[in-house]
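Shown below: query12.txt, with compact mmCIF, C-alpha atoms and all ligand atoms.
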# COMPACT_ATOMS: atom_id res chain seq x y z
CA MET S 202 8.90 12.76 -17.46
CA THR S 203 7.63 16.23 -18.24
CA PRO S 204 5.05 17.80 -15.96
CA GLU S 205 2.47 17.80 -18.77
CA THR S 206 2.64 14.06 -19.30
CA PRO S 207 -0.62 12.49 -18.21
CA ILE S 208 0.94 10.20 -15.67
CA THR S 209 -1.67 7.49 -15.88
CA GLN S 210 -1.44 7.18 -19.65
CA ASP S 211 -0.07 3.67 -19.89
CA VAL S 212 -1.70 2.25 -16.82
CA LEU S 213 -4.03 -0.55 -17.57
CA THR S 214 -7.10 -0.58 -15.37
CA ILE S 215 -8.61 -4.03 -15.32
CA PRO S 216 -12.40 -3.93 -15.12
CA ARG S 217 -14.01 -6.11 -12.48
CA LYS S 218 -14.18 -9.16 -14.55
CA ASP S 219 -15.15 -12.71 -14.88
CA THR S 220 -12.71 -15.34 -13.77
CA GLY S 221 -12.74 -19.10 -13.85
CA GLY S 222 -14.98 -20.09 -16.73
CA GLY S 223 -17.10 -16.97 -16.77
CA LYS S 224 -17.69 -17.02 -13.02
CA LYS S 225 -17.45 -13.73 -11.18
CA ASN S 226 -15.08 -13.30 -8.27
CA LEU S 227 -16.88 -12.10 -5.14
CA VAL S 228 -13.71 -10.88 -3.45
CA GLY S 229 -13.22 -7.12 -3.64
CA LEU S 230 -16.87 -6.19 -4.19
CA THR S 231 -18.36 -3.58 -1.91
CA ARG S 232 -21.43 -4.68 0.04
CA ASP S 233 -23.69 -2.94 -2.48
CA GLN S 234 -21.95 -4.55 -5.42
CA LEU S 235 -22.14 -7.95 -3.76
CA ARG S 236 -25.85 -7.50 -3.20
CA ASP S 237 -26.41 -6.54 -6.85
CA GLU S 238 -24.47 -9.59 -8.03
CA LEU S 239 -26.46 -11.91 -5.81
CA ILE S 240 -29.72 -10.51 -7.15
CA ALA S 241 -28.51 -10.82 -10.74
CA ALA S 242 -27.74 -14.48 -10.03
CA GLY S 243 -31.26 -15.19 -8.85
CA THR S 244 -31.28 -14.31 -5.15
CA PRO S 245 -34.76 -12.92 -4.32
CA GLU S 246 -34.50 -9.21 -3.59
CA LYS S 247 -36.17 -9.61 -0.23
CA GLN S 248 -33.44 -11.95 0.94
CA ALA S 249 -30.56 -10.12 -0.69
CA LYS S 250 -29.50 -8.03 2.30
CA MET S 251 -29.39 -10.99 4.64
CA ARG S 252 -27.57 -13.20 2.14
CA THR S 253 -25.04 -10.44 1.50
CA GLY S 254 -24.31 -10.26 5.21
CA GLN S 255 -23.95 -14.01 5.55
CA ILE S 256 -21.68 -14.47 2.56
CA TRP S 257 -19.63 -11.42 3.54
CA GLN S 258 -19.01 -12.92 6.97
CA TRP S 259 -17.96 -16.26 5.51
CA ILE S 260 -15.47 -14.61 3.19
CA TYR S 261 -14.01 -11.90 5.39
CA GLN S 262 -14.59 -13.05 8.93
CA TRP S 263 -13.92 -16.76 8.61
CA GLY S 264 -11.74 -16.79 5.49
CA VAL S 265 -13.86 -19.41 3.72
CA ARG S 266 -13.21 -19.93 -0.03
CA ASP S 267 -15.88 -22.41 -1.08
CA PHE S 268 -19.63 -22.15 -0.96
CA ASP S 269 -20.09 -25.65 0.41
CA SER S 270 -18.62 -24.58 3.73
CA MET S 271 -21.26 -21.87 4.17
CA THR S 272 -23.38 -24.02 6.41
CA ASN S 273 -26.05 -21.46 7.23
CA LEU S 274 -27.12 -21.36 3.58
CA ALA S 275 -29.41 -23.97 2.03
CA LYS S 276 -27.65 -26.62 -0.04
CA ALA S 277 -29.47 -25.72 -3.23
CA TYR S 278 -28.56 -22.03 -2.77
CA ARG S 279 -24.90 -22.92 -2.22
CA ALA S 280 -24.93 -24.88 -5.47
CA GLN S 281 -26.52 -21.91 -7.21
CA LEU S 282 -23.78 -19.63 -5.91
CA GLY S 283 -21.13 -22.07 -7.08
CA GLU S 284 -22.52 -21.94 -10.59
CA HIS S 285 -22.12 -18.19 -10.82
CA PHE S 286 -19.29 -17.20 -8.55
CA VAL S 287 -15.82 -17.95 -7.23
CA ILE S 288 -13.99 -16.67 -4.16
CA GLU S 289 -10.52 -16.07 -5.45
CA ILE S 290 -7.38 -14.41 -4.12
CA PRO S 291 -3.95 -14.02 -5.74
CA GLU S 292 -1.83 -17.14 -5.90
CA VAL S 293 1.41 -17.25 -3.91
CA VAL S 294 4.26 -18.03 -6.28
CA THR S 295 7.11 -17.88 -3.79
CA LYS S 296 7.51 -17.07 -0.13
CA GLN S 297 10.82 -16.00 1.35
CA VAL S 298 11.55 -15.62 5.05
CA SER S 299 14.31 -13.28 6.17
CA GLU S 300 16.74 -13.92 9.02
CA ASP S 301 14.74 -11.36 11.02
CA GLY S 302 11.39 -13.08 10.42
CA THR S 303 10.20 -10.73 7.68
CA ARG S 304 8.21 -12.62 5.07
CA LYS S 305 8.04 -11.67 1.43
CA TYR S 306 5.40 -13.15 -0.83
CA LEU S 307 5.49 -12.96 -4.58
CA VAL S 308 1.89 -13.31 -5.71
CA ARG S 309 0.51 -13.84 -9.18
CA ILE S 310 -2.50 -11.90 -10.36
CA ASN S 311 -4.62 -12.12 -13.49
CA GLY S 312 -2.69 -11.67 -16.69
CA GLY S 313 0.34 -13.42 -15.21
CA HIS S 314 1.65 -10.27 -13.53
CA GLU S 315 3.30 -10.46 -10.17
CA VAL S 316 3.45 -8.20 -7.15
CA GLU S 317 5.23 -8.37 -3.84
CA VAL S 318 3.74 -8.28 -0.37
CA VAL S 319 5.85 -8.00 2.79
CA TYR S 320 4.93 -9.01 6.34
CA ILE S 321 7.01 -7.51 9.12
CA PRO S 322 6.53 -9.13 12.52
CA GLU S 323 7.04 -6.92 15.57
CA GLU S 324 6.65 -7.39 19.30
CA GLY S 325 2.95 -8.04 19.91
CA ARG S 326 1.91 -6.88 16.45
CA GLY S 327 2.78 -7.08 12.79
CA THR S 328 2.63 -4.86 9.73
CA LEU S 329 1.71 -5.90 6.23
CA CYS S 330 3.10 -3.81 3.42
CA ILE S 331 0.85 -4.13 0.40
CA SER S 332 1.06 -3.02 -3.21
CA SER S 333 -1.47 -0.97 -5.15
CA GLN S 334 -0.05 -1.29 -8.67
CA VAL S 335 2.18 -3.57 -10.68
CA GLY S 336 5.19 -1.27 -11.04
CA CYS S 337 4.71 2.49 -10.81
CA THR S 338 4.52 5.28 -13.40
CA LEU S 339 6.36 7.76 -11.23
CA THR S 340 10.05 6.96 -11.79
CA CYS S 341 11.42 8.28 -8.49
CA SER S 342 15.13 7.96 -9.11
CA PHE S 343 15.98 6.14 -5.85
CA CYS S 344 13.17 3.57 -6.07
CA HIS S 345 13.50 0.14 -7.63
CA THR S 346 9.77 -0.09 -8.39
CA GLY S 347 10.04 3.08 -10.44
CA THR S 348 12.38 1.32 -12.88
CA GLN S 349 9.76 -1.23 -13.84
CA LYS S 350 8.26 -0.44 -17.18
CA LEU S 351 5.08 -2.38 -17.07
CA VAL S 352 2.39 -0.79 -14.94
CA ARG S 353 -1.12 -1.86 -14.22
CA ASN S 354 -3.55 -0.93 -11.50
CA LEU S 355 -4.50 -3.69 -9.12
CA THR S 356 -8.18 -4.44 -8.72
CA ALA S 357 -9.83 -4.11 -5.31
CA ALA S 358 -9.88 -7.93 -5.20
CA GLU S 359 -6.14 -8.06 -5.75
CA ILE S 360 -5.52 -5.47 -3.05
CA VAL S 361 -7.71 -7.01 -0.35
CA GLY S 362 -6.50 -10.40 -1.63
CA GLN S 363 -2.97 -9.57 -0.46
CA VAL S 364 -4.27 -9.20 3.09
CA MET S 365 -6.09 -12.51 2.77
CA VAL S 366 -2.97 -14.24 1.43
CA ALA S 367 -1.04 -13.10 4.50
CA ARG S 368 -3.81 -14.15 6.89
CA ASP S 369 -3.80 -17.59 5.26
CA ASP S 370 -0.04 -17.90 5.66
CA LEU S 371 -0.14 -16.66 9.27
CA ASP S 372 -3.07 -18.99 9.93
CA GLU S 373 -4.95 -16.06 11.38
CA TRP S 374 -8.57 -16.71 10.43
CA PRO S 375 -10.65 -17.22 13.55
CA VAL S 376 -12.40 -20.52 14.05
CA PRO S 377 -16.17 -20.21 14.56
CA GLY S 378 -17.05 -20.81 18.20
CA ALA S 379 -13.46 -20.52 19.48
CA PRO S 380 -12.68 -17.82 22.09
CA LYS S 381 -11.76 -14.52 20.48
CA ASP S 382 -8.05 -13.86 20.39
CA GLU S 383 -7.33 -10.14 20.67
CA THR S 384 -3.66 -10.28 19.73
CA ARG S 385 -3.18 -9.89 16.03
CA LEU S 386 -0.22 -11.09 14.07
CA LEU S 387 -1.38 -8.85 11.24
CA SER S 388 -2.42 -5.72 13.13
CA ASN S 389 -1.41 -2.92 10.77
CA ILE S 390 -1.39 -2.27 7.06
CA VAL S 391 0.82 0.13 5.17
CA LEU S 392 0.24 0.96 1.51
CA MET S 393 3.97 1.25 0.93
CA GLY S 394 4.64 -1.57 -1.47
CA MET S 395 4.71 -1.22 -5.22
CA GLY S 396 2.81 1.59 -6.86
CA GLU S 397 1.27 4.97 -6.14
CA PRO S 398 -1.97 4.27 -4.25
CA LEU S 399 -3.52 7.63 -5.11
CA TYR S 400 -3.32 6.78 -8.82
CA ASN S 401 -5.56 3.83 -8.13
CA PHE S 402 -7.82 5.61 -5.69
CA GLU S 403 -11.18 3.83 -6.10
CA ASN S 404 -9.77 0.32 -5.91
CA VAL S 405 -7.58 1.18 -2.92
CA ARG S 406 -10.54 2.80 -1.19
CA ASP S 407 -12.89 -0.13 -1.81
CA ALA S 408 -10.28 -2.64 -0.65
CA MET S 409 -9.55 -0.68 2.55
CA LYS S 410 -13.28 -0.34 3.28
CA ILE S 411 -13.49 -4.13 3.16
CA VAL S 412 -10.49 -4.49 5.46
CA MET S 413 -12.05 -2.04 7.95
CA ASP S 414 -15.54 -3.52 7.85
CA PRO S 415 -16.66 -4.47 11.40
CA GLU S 416 -18.02 -7.80 10.19
CA GLY S 417 -14.84 -8.98 8.59
CA ILE S 418 -11.14 -8.39 8.99
CA GLN S 419 -11.95 -5.46 11.26
CA LEU S 420 -8.84 -3.36 11.17
CA SER S 421 -9.31 0.15 12.52
CA ARG S 422 -8.75 3.00 10.06
CA ARG S 423 -6.01 4.19 12.41
CA ARG S 424 -4.05 1.03 11.75
CA ILE S 425 -3.87 1.70 8.04
CA THR S 426 -1.32 4.12 6.59
CA LEU S 427 -1.36 5.19 2.98
CA SER S 428 1.90 6.49 1.59
CA THR S 429 1.85 8.86 -1.36
CA SER S 430 4.53 10.62 -3.33
CA GLY S 431 2.27 13.70 -3.19
CA ILE S 432 -0.65 13.47 -5.61
CA VAL S 433 -2.14 16.71 -4.34
CA PRO S 434 -5.68 16.54 -5.81
CA GLU S 435 -6.32 13.17 -4.18
CA ILE S 436 -5.01 13.97 -0.71
CA ALA S 437 -8.20 15.44 0.76
CA ARG S 438 -10.19 12.52 -0.67
CA THR S 439 -8.01 10.13 1.28
CA ALA S 440 -9.26 11.58 4.55
CA ASP S 441 -12.87 11.90 3.39
CA GLU S 442 -13.34 8.58 1.67
CA ILE S 443 -10.90 6.25 3.39
CA GLY S 444 -10.11 7.97 6.68
CA CYS S 445 -6.78 6.24 7.13
CA LEU S 446 -3.52 7.81 8.25
CA LEU S 447 -1.33 9.54 5.71
CA ALA S 448 2.38 9.31 4.99
CA VAL S 449 4.07 11.50 2.41
CA SER S 450 7.28 10.73 0.58
CA PHE S 451 8.89 14.11 1.11
CA HIS S 452 12.59 13.33 0.69
CA ALA S 453 13.91 16.82 -0.11
CA THR S 454 13.71 20.39 1.11
CA THR S 455 14.11 22.31 -2.14
CA ASP S 456 12.14 21.94 -5.34
CA GLU S 457 15.38 21.58 -7.24
CA VAL S 458 16.36 18.42 -5.38
CA ARG S 459 12.83 17.07 -5.05
CA ASN S 460 12.30 17.42 -8.81
CA LYS S 461 15.15 14.97 -9.28
CA LEU S 462 14.19 12.53 -6.56
CA VAL S 463 10.40 12.59 -6.88
CA PRO S 464 9.65 13.87 -10.41
CA ILE S 465 5.93 14.38 -9.67
CA ASN S 466 7.21 17.43 -7.76
CA LYS S 467 7.42 19.19 -11.13
CA LYS S 468 3.66 18.98 -11.24
CA TYR S 469 2.84 19.43 -7.53
CA ASN S 470 5.72 21.29 -5.93
CA ILE S 471 6.65 21.49 -2.25
CA GLU S 472 4.54 24.56 -1.58
CA THR S 473 1.41 23.04 -3.18
CA LEU S 474 1.98 19.79 -1.36
CA LEU S 475 2.40 21.46 2.01
CA ALA S 476 -0.78 23.49 1.47
CA ALA S 477 -2.72 20.25 0.86
CA LEU S 478 -1.21 18.69 3.98
CA ARG S 479 -2.05 21.69 6.12
CA ALA S 480 -5.63 21.33 4.95
CA TYR S 481 -5.76 17.55 5.49
CA PRO S 482 -9.09 17.22 7.27
CA ARG S 483 -8.05 14.78 9.96
CA VAL S 484 -4.75 16.22 10.96
CA ALA S 485 -4.50 16.45 14.71
CA ASN S 486 -1.84 15.48 17.15
CA SER S 487 -3.25 12.00 17.54
CA GLU S 488 -3.22 11.47 13.79
CA ARG S 489 -0.06 13.13 12.71
CA ILE S 490 1.14 13.03 9.15
CA THR S 491 4.25 10.96 8.62
CA PHE S 492 6.90 12.62 6.49
CA GLU S 493 9.06 9.94 4.94
CA TYR S 494 12.58 11.05 4.19
CA VAL S 495 15.03 8.74 2.49
CA MET S 496 18.62 9.42 3.55
CA LEU S 497 20.83 9.73 0.47
CA HIS S 498 24.52 10.40 0.97
CA GLY S 499 25.45 13.92 -0.12
CA VAL S 500 22.08 14.59 -1.77
CA ASN S 501 19.53 15.55 0.89
CA ASP S 502 21.19 14.76 4.20
CA SER S 503 22.95 17.98 5.32
CA ASP S 504 22.31 19.91 8.53
CA GLU S 505 20.88 22.71 6.34
CA ASP S 506 18.38 20.25 4.92
CA ALA S 507 17.30 19.23 8.41
CA HIS S 508 16.80 22.88 9.45
CA ARG S 509 14.93 23.66 6.24
CA LEU S 510 12.69 20.65 6.72
CA VAL S 511 11.69 21.78 10.18
CA GLU S 512 10.91 25.27 8.86
CA LEU S 513 8.84 23.93 5.98
CA ILE S 514 6.58 21.72 8.04
CA LYS S 515 6.07 24.21 10.87
CA GLY S 516 2.51 24.04 12.17
CA ILE S 517 1.73 20.61 10.71
CA PRO S 518 1.30 17.86 13.32
CA ALA S 519 3.94 15.53 11.99
CA LYS S 520 6.53 12.91 12.63
CA ILE S 521 9.52 12.45 10.38
CA ASN S 522 10.41 8.94 9.47
CA LEU S 523 14.00 8.76 8.31
CA ILE S 524 14.59 5.85 5.93
CA PRO S 525 18.20 4.77 5.37
CA PHE S 526 18.46 4.31 1.62
CA ASN S 527 18.15 0.69 0.56
CA GLU S 528 20.32 -0.15 -2.38
CA TRP S 529 19.22 -2.24 -5.31
CA PRO S 530 21.10 -3.49 -8.38
CA GLY S 531 22.11 -0.44 -10.41
CA SER S 532 20.85 2.16 -7.92
CA PRO S 533 22.43 5.58 -8.50
CA TYR S 534 22.75 6.61 -4.82
CA THR S 535 24.38 5.46 -1.61
CA ARG S 536 23.10 5.47 1.94
CA SER S 537 24.05 8.26 4.34
CA SER S 538 26.33 7.17 7.15
CA ASN S 539 24.79 6.24 10.50
CA ASN S 540 26.40 9.27 12.10
CA ARG S 541 24.94 11.58 9.45
CA ILE S 542 21.49 10.06 9.90
CA ARG S 543 21.72 10.45 13.67
CA ALA S 544 22.84 14.08 13.39
CA PHE S 545 19.98 14.81 11.00
CA ALA S 546 17.51 13.09 13.31
CA ASN S 547 18.79 15.07 16.24
CA ILE S 548 18.15 18.45 14.62
CA ILE S 549 14.58 17.43 13.89
CA TYR S 550 14.10 16.04 17.36
CA GLN S 551 15.43 19.23 18.94
CA ALA S 552 12.82 21.14 16.98
CA GLY S 553 10.11 19.13 18.70
CA TYR S 554 9.30 16.41 16.18
CA ALA S 555 9.55 12.67 16.59
CA SER S 556 12.25 11.53 14.19
CA PRO S 557 12.45 7.73 14.24
CA ILE S 558 15.00 6.08 11.99
CA ARG S 559 13.28 3.27 10.17
CA LYS S 560 14.83 -0.06 10.92
CA THR S 561 15.75 -1.90 7.79
CA ARG S 562 13.91 -5.18 7.72
CA GLY S 563 14.18 -8.09 5.34
CA GLU S 564 17.10 -6.63 3.43
CA ASP S 565 18.60 -10.08 2.83
CA ILE S 566 15.54 -11.03 0.79
CA MET S 567 15.23 -7.64 -0.96
CA ALA S 568 12.07 -6.89 0.99
CA ALA S 569 13.10 -3.47 2.32
CA CYS S 570 11.41 -0.21 1.28
CA GLY S 571 11.95 0.59 -2.34
CA GLN S 572 13.52 -2.74 -3.22
CA LEU S 573 10.35 -4.33 -4.49
CA LYS S 574 10.07 -5.19 -8.10
CA SER S 575 8.69 -8.22 -9.85
CA ALA S 576 11.47 -10.72 -10.15
CA THR S 577 10.15 -11.75 -13.54
CA GLU S 578 10.10 -8.22 -14.87
CA ARG S 579 12.77 -8.34 -17.52
CA ALA S 580 12.29 -5.05 -19.31
CA ARG S 581 14.42 -3.21 -16.81
CA LYS S 582 15.68 0.23 -17.48
CA SER S 583 19.43 0.58 -17.65
CA LYS S 584 21.38 2.43 -15.00
CA ARG S 585 22.15 5.10 -17.57
CA GLN S 586 18.50 5.55 -18.40
CA ILE S 587 17.62 5.91 -14.71
CA GLU S 588 20.37 8.49 -14.22
CA GLN S 589 19.35 10.44 -17.31
CA GLU S 590 15.74 10.60 -16.23
CA ALA S 591 16.79 11.75 -12.77
CA GLY S 592 18.88 14.51 -14.37
CA LEU S 593 22.04 13.22 -12.67
N1 LIG L 601 4.38 5.19 -4.05
C1 LIG L 601 4.20 5.47 -2.68
C2 LIG L 601 4.26 4.26 -1.78
C3 LIG L 601 5.33 3.24 -2.02
S1 LIG L 601 6.99 3.58 -1.63
C4 LIG L 601 5.18 6.52 -2.23
O1 LIG L 601 6.12 6.79 -2.95
O2 LIG L 601 4.98 7.06 -1.15
C5 LIG L 601 7.13 3.53 0.15
C6 LIG L 601 8.28 4.39 0.68
O3 LIG L 601 9.57 3.83 0.39
C7 LIG L 601 8.27 5.77 0.06
O4 LIG L 601 8.49 6.76 1.03
C8 LIG L 601 9.43 5.68 -0.89
O5 LIG L 601 9.90 6.95 -1.23
C9 LIG L 601 10.40 4.85 -0.10
N2 LIG L 601 11.48 4.28 -0.91
C10 LIG L 601 11.47 4.01 -2.23
N3 LIG L 601 12.66 3.49 -2.63
C11 LIG L 601 13.44 3.43 -1.53
C12 LIG L 601 14.77 2.97 -1.30
N4 LIG L 601 15.50 2.44 -2.27
N5 LIG L 601 15.25 3.06 -0.05
C13 LIG L 601 14.48 3.54 0.96
N6 LIG L 601 13.23 3.99 0.79
C14 LIG L 601 12.69 3.93 -0.44
FE1 LIG L 602 6.39 4.99 -7.32
FE2 LIG L 602 6.57 5.47 -4.68
FE3 LIG L 602 8.59 4.26 -6.01
FE4 LIG L 602 8.08 6.85 -6.44
S1 LIG L 602 8.77 5.91 -4.49
S2 LIG L 602 8.50 5.30 -8.03
S3 LIG L 602 5.88 6.91 -6.26
S4 LIG L 602 6.55 3.44 -5.71

As C-alpha cells - that is how I would like this structure written.
Amino acid sequence: MTPETPITQDVLTIPRKDTGGGKKNLVGLTRDQLRDELIAAGTPEKQAKMRTGQIWQWIYQWGVRDFDSMTNLAKAYRAQLGEHFVIEIPEVVTKQVSEDGTRKYLVRINGGHEVEVVYIPEEGRGTLCISSQVGCTLTCSFCHTGTQKLVRNLTAAEIVGQVMVARDDLDEWPVPGAPKDETRLLSNIVLMGMGEPLYNFENVRDAMKIVMDPEGIQLSRRRITLSTSGIVPEIARTADEIGCLLAVSFHATTDEVRNKLVPINKKYNIETLLAALRAYPRVANSERITFEYVMLHGVNDSDEDAHRLVELIKGIPAKINLIPFNEWPGSPYTRSSNNRIRAFANIIYQAGYASPIRKTRGEDIMAACGQLKSATERARKSKRQIEQEAGL
C-alpha cells in the first residue's frame, strides 16, 4: 500500500439500520439516540427521559432482550415498543474452548459476515478481546487479520454486542434483587481483536461509552485498552472522547523495518507517532502507554533494537509488552527464541521499564494475538502476495 492510498477506501460503513422486519435495533444507541427513537415511536416527550433510563437499565444492567420482561413499563407500552424495536446482538456461530480455558466465539453479524471474540480467564478477573472491524485494511505483514480482503466497519451495536455475547455465555448478568457480586468474570476489555479501532472511531467510542455507563455494564475506563497501529490524527481524540488506556503496536525501532511490518508507518512514521504519544493528554505513571512489540526472529529482536527502543521512548510513561510471534498458516516470520526474548526484555527492564512477556493463550484454537480471521473468509491472499506487499 502506498502512503497516499486513502486507507479507508474500501471499508463499508453500515448505517444504523433497521433489522427484523423494519424494526430498529436499540442496542448500540447512545442515550440521546435512544431517547429520540422512543419519541419517534410515540413516547410522549415528557416521559422520554425516564423511559430511556428504564429501558437502558433493562438492556445493559439486566441483560434483558424482550420488552415483555420489562415489568416496570405498562403492558400497552411494552407492546408498542415491540412493534417498533428489537434488542439484538450478534449470533454465536461457534464457540471453542482452549485447554487453558480461553474461549473463542465466532459471531455472525448483519450481511452474513463473521468476527471473532476471545475471552481470556485469569485469576480473579478476565479479559475480553473484541473486534472493531471485519478484517483490517492495514496489511501488517505479521498479522493474519491483515490478509483478509473483505473489510467492513462494525456498528456500535455489533461492538457492544460482543461484550453482551460474552456476558450471556459467562452467565454474568446480575439478577434483580440478588446481592451484588463484586468479582467479575469479564472485568477488562481490550480492543485487540480484528481491525484498526481508530479507523472506526465513532462506533468504537459509542460502544465503549455504553460499556462504561454507570447504569449498565459499568466497566471503568481504566479497564478498557484500545490498541492502535498508530493512526496519529485520532490518538488525542481517544483520550478526549473515550478516556480509555492506550496501547500502540510499535514493533520496530527504525522506520525502515517498521515500514515493512506496519505499513501505516509510511504515512505516520516513528517520530510523528512518538510526538503524538508524548502529547497524549492522559499519560501519567498510573496510566502508562503500553508499547506492544511482537518478537520476530532476526527481524526486530536484537540487543541493538532493545537499546534503540529504550532511547526512542525516553520520557514517555510506558510499559513494553513483548508478544512472542504467533504463527498462522502461511505466515512469513518465525518467533524469536525464548532466550532472545528474555535477553531483550532484560535490557528494557534494566532501563527502568516494565517489560512483561505476553503469555500465549488459546493458541490451540487459533485465538492468540494476530491469529484471528474469519474462518469462512475464502479470498485469502497467497503467501507470495503477503511477502511482496511486505517488501520481503
Ligand atoms: N489493529 C490494532 C489492534 C489489533 S491487533 C493494532 O494493530 O494495534 C492486537 C495486537 O496483536 C497488535 O499489537 C498486533 O500488532 C499484534 N499481532 C498481530 N499479529 C500478531 C501475531 N501473528 N503474533 C503476535 N502478535 C500479533
Ligand atoms: Fe490491522 Fe492491527 Fe493486524 Fe495491523 S496488526 S493488520 S492494524 S489488525

Contacts with ligand LIG 601 (chain L) at most 6 Å, all atoms listed in the file counted, listed as a count of residues only: 22

Enter the distance from CA of Asn273 (chain S) to CA of Arg385 (chain S), in Å, rounded to one decimal.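 Interatomic distance here is 27.1 Å.
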
Option closest in space to Thr328 (chain S), from S:Gln297, S:Thr439, S:Ser388, S:Gln363 [counting all atoms listed in the file]: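 Checking each of S:Gln297, S:Thr439, S:Ser388, S:Gln363 against Thr328 (chain S), counting all atoms listed in the file, the winner is S:Ser388.
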
Have a look at atom S2 of ligand LIG 602 (chain L) and CA of Ser342 (chain S) and let me know their distance in Å, one decimal.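 Going from atom S2 of ligand LIG 602 (chain L) over to CA of Ser342 (chain S) covers 7.2 Å.
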
Can you list, as a PyMOL selection string, every protein, DNA or RNA residue that comes within 12 Å of region 541-551 of chain S when you count all atoms listed in the file, leaving out same-chain residues fewer than 5 positions away? chain S and resi 492+494-515+519-526+536+556-559

Among listed residues S:Thr348, S:Thr491, S:Asn354, S:Asn401, nearest ligand LIG 602 (chain L) (using only C-alpha atoms and all ligand atoms): S:Thr348
